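K.L.:
My file is final.cif. It has mmCIF, C-alpha atoms:
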```
data_input
loop_
_atom_site.group_PDB
_atom_site.id
_atom_site.type_symbol
_atom_site.label_atom_id
_atom_site.label_comp_id
_atom_site.auth_asym_id
_atom_site.auth_seq_id
_atom_site.Cartn_x
_atom_site.Cartn_y
_atom_site.Cartn_z
ATOM 1 C CA MET A 1 -45.613 33.887 -14.617
ATOM 2 C CA SER A 2 -42.023 33.018 -13.919
ATOM 3 C CA THR A 3 -39.392 33.326 -16.592
ATOM 4 C CA THR A 4 -37.715 30.166 -15.326
ATOM 5 C CA SER A 5 -40.473 27.889 -16.650
ATOM 6 C CA ASN A 6 -40.078 29.405 -20.112
ATOM 7 C CA SER A 7 -36.303 29.067 -20.255
ATOM 8 C CA PRO A 8 -34.762 26.909 -23.025
ATOM 9 C CA ALA A 9 -32.943 24.810 -20.399
ATOM 10 C CA SER A 10 -36.224 23.782 -18.755
ATOM 11 C CA ARG A 11 -37.705 22.734 -22.073
ATOM 12 C CA LEU A 12 -34.542 20.788 -22.905
ATOM 13 C CA PHE A 13 -34.735 18.994 -19.564
ATOM 14 C CA LEU A 14 -38.384 18.048 -20.142
ATOM 15 C CA VAL A 15 -37.603 16.711 -23.631
ATOM 16 C CA ALA A 16 -34.685 14.637 -22.286
ATOM 17 C CA ALA A 17 -36.821 13.241 -19.448
ATOM 18 C CA ALA A 18 -39.593 12.298 -21.890
ATOM 19 C CA CYS A 19 -37.098 10.529 -24.171
ATOM 20 C CA LEU A 20 -35.692 8.541 -21.264
ATOM 21 C CA ALA A 21 -39.169 7.529 -20.134
ATOM 22 C CA LEU A 22 -40.151 6.406 -23.631
ATOM 23 C CA THR A 23 -36.899 4.472 -24.036
ATOM 24 C CA GLY A 24 -37.561 2.629 -20.788
ATOM 25 C CA CYS A 25 -41.085 1.771 -21.870
ATOM 26 C CA ALA A 26 -39.870 0.511 -25.232
ATOM 27 C CA GLU A 27 -37.249 -1.732 -23.617
ATOM 28 C CA GLU A 28 -39.833 -3.147 -21.183
ATOM 29 C CA SER A 29 -42.370 -3.922 -23.906
ATOM 30 C CA LYS A 30 -39.645 -5.410 -26.109
ATOM 31 C CA GLY A 31 -38.694 -7.842 -23.340
ATOM 32 C CA ALA A 32 -42.342 -8.682 -22.728
ATOM 33 C CA ALA A 33 -42.925 -9.362 -26.433
ATOM 34 C CA GLU A 34 -40.055 -11.863 -26.560
ATOM 35 C CA ARG A 35 -41.456 -13.880 -23.655
ATOM 36 C CA PRO A 36 -44.560 -16.030 -24.400
ATOM 37 C CA ALA A 37 -47.716 -14.800 -22.690
ATOM 38 C CA THR A 38 -48.126 -18.107 -20.843
ATOM 39 C CA ALA A 39 -44.578 -18.103 -19.438
ATOM 40 C CA PRO A 40 -44.319 -16.982 -15.827
ATOM 41 C CA ALA A 41 -42.386 -13.815 -15.155
ATOM 42 C CA GLU A 42 -38.821 -14.634 -14.146
ATOM 43 C CA ALA A 43 -37.700 -13.360 -10.789
ATOM 44 C CA PRO A 44 -34.407 -11.500 -10.859
ATOM 45 C CA THR A 45 -31.609 -13.748 -9.693
ATOM 46 C CA ALA A 46 -29.797 -12.634 -6.578
ATOM 47 C CA GLN A 47 -26.057 -12.599 -7.049
ATOM 48 C CA ALA A 48 -23.890 -13.418 -4.080
ATOM 49 C CA PRO A 49 -21.146 -10.866 -3.514
ATOM 50 C CA ALA A 50 -17.645 -12.020 -4.319
ATOM 51 C CA PRO A 51 -15.740 -13.167 -1.236
ATOM 52 C CA ILE A 52 -13.186 -10.760 0.147
ATOM 53 C CA ARG A 53 -9.689 -12.175 -0.043
ATOM 54 C CA ALA A 54 -7.075 -11.051 2.435
ATOM 55 C CA GLU A 55 -4.236 -12.751 0.615
ATOM 56 C CA PRO A 56 -2.566 -11.315 -2.463
ATOM 57 C CA THR A 57 -3.964 -13.000 -5.570
ATOM 58 C CA SER A 58 -0.654 -13.368 -7.393
ATOM 59 C CA PRO A 59 0.529 -16.989 -7.653
ATOM 60 C CA ASP A 60 4.016 -15.820 -6.597
ATOM 61 C CA ALA A 61 2.653 -14.410 -3.346
ATOM 62 C CA ALA A 62 1.284 -17.750 -2.109
ATOM 63 C CA ARG A 63 4.713 -19.425 -1.986
ATOM 64 C CA PRO A 64 7.263 -19.147 0.810
ATOM 65 C CA VAL A 65 9.977 -16.564 0.217
ATOM 66 C CA GLU A 66 13.176 -18.507 0.771
ATOM 67 C CA VAL A 67 16.322 -16.704 1.906
ATOM 68 C CA LEU A 68 19.486 -17.312 -0.111
ATOM 69 C CA ARG A 69 21.830 -15.264 2.092
ATOM 70 C CA VAL A 70 21.808 -12.645 4.811
ATOM 71 C CA SER A 71 24.427 -10.033 5.670
ATOM 72 C CA ALA A 72 24.847 -6.896 7.749
ATOM 73 C CA ARG A 73 26.371 -3.616 6.592
ATOM 74 C CA LYS A 74 27.168 -0.262 8.159
ATOM 75 C CA VAL A 75 24.835 2.459 6.958
ATOM 76 C CA ARG A 76 27.092 5.478 7.421
ATOM 77 C CA GLY A 77 29.472 5.902 4.520
ATOM 78 C CA ASP A 78 27.179 4.136 2.024
ATOM 79 C CA ALA A 79 25.145 6.651 -0.013
ATOM 80 C CA GLU A 80 22.431 4.168 -1.070
ATOM 81 C CA LEU A 81 21.890 2.814 2.453
ATOM 82 C CA THR A 82 21.945 6.328 3.961
ATOM 83 C CA ARG A 83 19.210 7.422 1.551
ATOM 84 C CA MET A 84 17.061 4.360 2.287
ATOM 85 C CA ALA A 85 17.525 4.584 6.073
ATOM 86 C CA GLY A 86 16.297 8.167 6.032
ATOM 87 C CA PRO A 87 17.058 11.190 8.204
ATOM 88 C CA ALA A 88 14.736 10.160 11.065
ATOM 89 C CA LEU A 89 16.599 6.908 11.741
ATOM 90 C CA LEU A 90 20.008 8.488 11.240
ATOM 91 C CA ALA A 91 19.193 11.292 13.697
ATOM 92 C CA ARG A 92 18.431 8.868 16.540
ATOM 93 C CA ALA A 93 20.851 6.071 15.601
ATOM 94 C CA THR A 94 24.203 5.643 17.290
ATOM 95 C CA ASP A 95 25.636 3.114 14.846
ATOM 96 C CA PRO A 96 22.949 2.213 12.265
ATOM 97 C CA VAL A 97 23.092 -1.229 10.698
ATOM 98 C CA ALA A 98 21.416 -2.492 7.537
ATOM 99 C CA ILE A 99 20.355 -6.119 7.425
ATOM 100 C CA GLU A 100 20.399 -7.259 3.790
ATOM 101 C CA VAL A 101 18.583 -10.365 2.587
ATOM 102 C CA GLN A 102 18.897 -11.877 -0.849
ATOM 103 C CA THR A 103 16.033 -14.183 -1.784
ATOM 104 C CA GLN A 104 16.466 -17.421 -3.728
ATOM 105 C CA GLU A 105 14.020 -16.301 -6.407
ATOM 106 C CA PRO A 106 13.058 -12.857 -7.665
ATOM 107 C CA LEU A 107 10.351 -11.181 -5.596
ATOM 108 C CA GLY A 108 8.093 -10.730 -8.595
ATOM 109 C CA SER A 109 5.737 -7.804 -8.931
ATOM 110 C CA LEU A 110 5.952 -5.309 -6.092
ATOM 111 C CA GLU A 111 2.933 -3.411 -7.487
ATOM 112 C CA ARG A 112 0.401 -4.575 -4.908
ATOM 113 C CA SER A 113 -0.969 -3.596 -1.541
ATOM 114 C CA SER A 114 1.282 -6.034 0.314
ATOM 115 C CA SER A 115 5.054 -6.038 0.673
ATOM 116 C CA PRO A 116 7.777 -8.526 1.576
ATOM 117 C CA GLU A 117 9.075 -7.967 5.118
ATOM 118 C CA ILE A 118 12.176 -9.162 6.985
ATOM 119 C CA TYR A 119 11.632 -10.827 10.369
ATOM 120 C CA LEU A 120 14.381 -11.262 12.977
ATOM 121 C CA ASN A 121 13.703 -14.046 15.473
ATOM 122 C CA GLY A 122 10.057 -14.103 14.389
ATOM 123 C CA GLU A 123 9.500 -10.364 14.916
ATOM 124 C CA ARG A 124 9.072 -7.670 12.301
ATOM 125 C CA VAL A 125 11.675 -5.075 13.302
ATOM 126 C CA GLY A 126 10.849 -2.229 10.931
ATOM 127 C CA ASP A 127 9.859 -1.287 7.435
ATOM 128 C CA THR A 128 11.584 -3.342 4.781
ATOM 129 C CA TRP A 129 12.898 -1.834 1.573
ATOM 130 C CA ALA A 130 12.599 -4.064 -1.494
ATOM 131 C CA VAL A 131 15.207 -3.581 -4.216
ATOM 132 C CA PRO A 132 14.263 -5.605 -7.288
ATOM 133 C CA PRO A 133 14.753 -8.247 -8.289
ATOM 134 C CA ASP A 134 15.738 -10.111 -5.104
ATOM 135 C CA ARG A 135 17.153 -7.883 -2.344
ATOM 136 C CA LEU A 136 15.539 -6.656 0.866
ATOM 137 C CA PHE A 137 16.841 -4.252 3.533
ATOM 138 C CA VAL A 138 15.748 -3.431 7.060
ATOM 139 C CA PHE A 139 17.501 -0.820 9.205
ATOM 140 C CA LEU A 140 18.332 -0.933 12.909
ATOM 141 C CA PRO A 141 19.548 2.072 14.944
ATOM 142 C CA ASP A 142 22.299 -0.153 16.363
ATOM 143 C CA ALA A 143 23.143 -3.824 16.879
ATOM 144 C CA THR A 144 22.366 -3.971 20.620
ATOM 145 C CA SER A 145 18.972 -5.634 20.071
ATOM 146 C CA LEU A 146 20.529 -8.538 18.180
ATOM 147 C CA LYS A 147 21.328 -11.868 19.816
ATOM 148 C CA ASP A 148 24.496 -13.889 19.245
ATOM 149 C CA ALA A 149 22.586 -15.918 16.616
ATOM 150 C CA ASN A 150 19.480 -14.482 14.938
ATOM 151 C CA GLU A 151 16.961 -16.313 12.778
ATOM 152 C CA VAL A 152 16.111 -14.324 9.628
ATOM 153 C CA THR A 153 12.973 -15.041 7.621
ATOM 154 C CA VAL A 154 10.914 -13.191 5.015
ATOM 155 C CA ALA A 155 7.149 -13.142 4.512
ATOM 156 C CA TRP A 156 4.603 -11.091 2.584
ATOM 157 C CA LEU A 157 2.803 -8.767 4.984
ATOM 158 C CA GLY A 158 -0.803 -9.888 5.417
ATOM 159 C CA ASN A 159 -0.103 -13.445 4.227
ATOM 160 C CA GLU A 160 2.636 -14.506 6.626
ATOM 161 C CA ALA A 161 1.390 -18.061 7.246
ATOM 162 C CA GLN A 162 1.660 -19.097 3.583
ATOM 163 C CA THR A 163 4.686 -17.033 2.578
ATOM 164 C CA ARG A 164 7.113 -17.177 5.534
ATOM 165 C CA SER A 165 10.500 -18.706 4.728
ATOM 166 C CA THR A 166 10.633 -22.406 5.574
ATOM 167 C CA ARG A 167 14.440 -22.439 5.859
ATOM 168 C CA PRO A 168 15.531 -19.453 7.985
ATOM 169 C CA ALA A 169 18.986 -17.961 7.533
ATOM 170 C CA THR A 170 21.207 -17.183 10.509
ATOM 171 C CA LEU A 171 22.750 -13.796 11.243
ATOM 172 C CA THR A 172 25.472 -14.026 13.907
ATOM 173 C CA ARG A 173 27.308 -11.286 15.819
ATOM 174 C CA GLN A 174 30.478 -12.237 13.936
ATOM 175 C CA MET A 175 28.742 -11.158 10.692
ATOM 176 C CA LEU A 176 28.128 -7.622 11.997
ATOM 177 C CA PRO A 177 30.335 -4.866 10.604
#
```
The structure in this file should be written as structure tokens.
P.N.:
Amino acid sequence: MSTTSNSPASRLFLVAAACLALTGCAEESKGAAERPATAPAEAPTAQAPAPIRAEPTSPDAARPVEVLRVSARKVRGDAELTRMAGPALLARATDPVAIEVQTQEPLGSLERSSSPEIYLNGERVGDTWAVPPDRLFVFLPDATSLKDANEVTVAWLGNEAQTRSTRPATLTRQMLP
């Protein structure tokens, strides 16, 4: 005879299993007693899964992010911009430029899986840094990719159609540092 079958842990497991089985039986008979004997058994109702939403659920995220003003600043010589641009961009950049956007209204909660992004001439040009309550920055290695007049908009990533700025701001070459 094995000593395992006589161990206290095995007996404890058997007692726990028996209690669970009896509890299940009691719950089943309790439910059956509440239902009249002539009533048909109710089929479990199938619940439809909740639809998956791609858009952020915040009411603020469904509105366009309007641009109040846009400006350009040199990165080198500015401690905050140098930190945000990061060593990778600074290592390959000849004359890095920060495009700064101030939004008309505060951005709201940034604690979500989406983020506000700056678009130049309809294209996302890099990762955007959000600085609450209403400032955004995107960094370019230099200004050579910019046109004489550039259309600047903002939209929440993943919900661009509903949140893109309806009144773009203009960034001109004359505004560059």
K.L.:
So the first atom is atom CA of A:Leu146 and the second is atom CA of A:Ala91; what is the distance between them in Å, to one decimal place?
P.N.:
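Answer for the atom CA of A:Leu146 to atom CA of A:Ala91 separation: 20.4 Å.
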K.L.:
Apply the PyMOL selection byres ((chain A and resi 97-99) around 10) to the structure shown and report the selected residues as a VMD selection string.
P.N.:
chain A and resid 70 to 76 81 to 82 84 to 85 93 to 96 100 to 101 118 120 128 136 to 143 152 171 176 to 177
K.L.:
What separation in Å, quoted to one decimal, exists between atom CA of A:Asp148 and atom CA of A:Arg63?
P.N.:
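These two atoms are separated by 29.5 Å.
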K.L.:
What does the distance between atom CA of A:Met175 and atom CA of A:Pro87 come to in Å, to one decimal place?
P.N.:
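Atom CA of A:Pro87 lies at a distance of 25.3 Å from atom CA of A:Met175.
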K.L.:
Which residue gives the smallest distance to A:Pro168 among A:Ala62, A:Val131, A:Ser114, A:Leu68, with all atoms listed in the file counted?
P.N.:
A:Leu68
K.L.:
Could you name the residues that touch A:Gly122 at 8 Å or less, counting all atoms listed in the file, but leaving out those on the same chain fewer than 3 positions away, as a list in words?
P.N.:
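Counting all atoms listed in the file, the residues come to Tyr119, Glu151, Val152 and Thr153 of chain A.
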K.L.:
Looking at all atoms listed in the file, which of A:Arg112, A:Leu89, A:Val65, A:Asn150 is the one that sits closest to A:Asp127?
P.N.:
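The closest residue to A:Asp127 is A:Leu89.
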K.L.:
Just checking: using only C-alpha atoms, which residue out of A:Ala161, A:Glu105, A:Arg167, A:Arg83 ends up closest to A:Trp129?
P.N.:
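Closest residue, counting only C-alpha atoms: A:Arg83.
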K.L.:
Given the choices A:Pro133, A:Ser109, A:Asn121, A:Thr163, which gets closest to A:Ala149 if the distance is worked out from only C-alpha atoms?
P.N.:
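Among the listed residues, A:Asn121 lies closest to A:Ala149.
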K.L.:
Place N, CA and C atoms on stretch 141-175 of chain A and deliver the coordinates as a compact mmCIF listing (two decimals), keeping the file's coordinate frame.
P.N.:
```
# COMPACT_ATOMS: atom_id res chain seq x y z
N PRO A 141 18.76 0.94 14.46
CA PRO A 141 19.55 2.07 14.94
C PRO A 141 20.92 1.66 15.46
N ASP A 142 21.02 0.42 15.93
CA ASP A 142 22.30 -0.15 16.36
C ASP A 142 22.12 -1.65 16.48
N ALA A 143 23.19 -2.36 16.83
CA ALA A 143 23.14 -3.82 16.88
C ALA A 143 22.86 -4.36 18.28
N THR A 144 22.55 -3.50 19.24
CA THR A 144 22.37 -3.97 20.62
C THR A 144 21.17 -4.90 20.78
N SER A 145 20.16 -4.78 19.94
CA SER A 145 18.97 -5.63 20.07
C SER A 145 19.18 -7.03 19.49
N LEU A 146 20.28 -7.24 18.80
CA LEU A 146 20.53 -8.54 18.18
C LEU A 146 21.13 -9.52 19.17
N LYS A 147 20.78 -10.78 19.00
CA LYS A 147 21.33 -11.87 19.82
C LYS A 147 22.62 -12.36 19.18
N ASP A 148 23.28 -13.31 19.82
CA ASP A 148 24.50 -13.89 19.24
C ASP A 148 24.20 -14.59 17.93
N ALA A 149 23.04 -15.27 17.85
CA ALA A 149 22.59 -15.92 16.62
C ALA A 149 21.13 -15.52 16.41
N ASN A 150 20.82 -14.98 15.24
CA ASN A 150 19.48 -14.48 14.94
C ASN A 150 18.91 -15.21 13.73
N GLU A 151 17.66 -15.63 13.85
CA GLU A 151 16.96 -16.31 12.78
C GLU A 151 16.32 -15.26 11.88
N VAL A 152 16.63 -15.30 10.59
CA VAL A 152 16.11 -14.32 9.63
C VAL A 152 15.18 -15.02 8.65
N THR A 153 13.95 -14.53 8.57
CA THR A 153 12.97 -15.04 7.62
C THR A 153 12.35 -13.86 6.88
N VAL A 154 11.63 -14.19 5.81
CA VAL A 154 10.91 -13.19 5.01
C VAL A 154 9.50 -13.71 4.81
N ALA A 155 8.54 -12.79 4.81
CA ALA A 155 7.15 -13.14 4.51
C ALA A 155 6.46 -11.93 3.92
N TRP A 156 5.42 -12.18 3.11
CA TRP A 156 4.60 -11.09 2.58
C TRP A 156 3.66 -10.63 3.69
N LEU A 157 3.65 -9.35 3.96
CA LEU A 157 2.80 -8.77 4.98
C LEU A 157 1.34 -9.04 4.66
N GLY A 158 0.60 -9.56 5.61
CA GLY A 158 -0.80 -9.89 5.42
C GLY A 158 -1.03 -11.33 4.99
N ASN A 159 0.02 -12.05 4.65
CA ASN A 159 -0.10 -13.44 4.23
C ASN A 159 1.09 -14.23 4.77
N GLU A 160 1.43 -13.94 6.02
CA GLU A 160 2.64 -14.51 6.63
C GLU A 160 2.60 -16.02 6.70
N ALA A 161 1.46 -16.61 7.04
CA ALA A 161 1.39 -18.06 7.25
C ALA A 161 1.78 -18.84 5.99
N GLN A 162 1.36 -18.37 4.83
CA GLN A 162 1.66 -19.10 3.58
C GLN A 162 2.99 -18.70 2.97
N THR A 163 3.52 -17.53 3.31
CA THR A 163 4.69 -17.03 2.58
C THR A 163 5.96 -16.95 3.41
N ARG A 164 5.90 -17.27 4.70
CA ARG A 164 7.11 -17.18 5.53
C ARG A 164 8.14 -18.22 5.09
N SER A 165 9.40 -17.82 5.11
CA SER A 165 10.50 -18.71 4.73
C SER A 165 10.45 -19.99 5.54
N THR A 166 10.64 -21.12 4.87
CA THR A 166 10.63 -22.41 5.57
C THR A 166 12.03 -22.79 6.06
N ARG A 167 13.05 -22.18 5.47
CA ARG A 167 14.44 -22.44 5.86
C ARG A 167 15.09 -21.11 6.27
N PRO A 168 14.98 -20.74 7.54
CA PRO A 168 15.53 -19.45 7.98
C PRO A 168 17.04 -19.40 7.80
N ALA A 169 17.54 -18.19 7.57
CA ALA A 169 18.99 -17.96 7.53
C ALA A 169 19.41 -17.50 8.92
N THR A 170 20.69 -17.59 9.20
CA THR A 170 21.21 -17.18 10.51
C THR A 170 22.14 -15.99 10.35
N LEU A 171 21.90 -14.97 11.18
CA LEU A 171 22.75 -13.80 11.24
C LEU A 171 23.42 -13.82 12.62
N THR A 172 24.75 -13.95 12.64
CA THR A 172 25.47 -14.03 13.91
C THR A 172 26.16 -12.69 14.19
N ARG A 173 26.57 -12.50 15.43
CA ARG A 173 27.31 -11.29 15.82
C ARG A 173 28.61 -11.15 15.04
N GLN A 174 29.22 -12.27 14.69
CA GLN A 174 30.48 -12.24 13.94
C GLN A 174 30.27 -11.65 12.53
N MET A 175 29.04 -11.69 12.02
CA MET A 175 28.74 -11.16 10.69
C MET A 175 28.53 -9.65 10.71
```
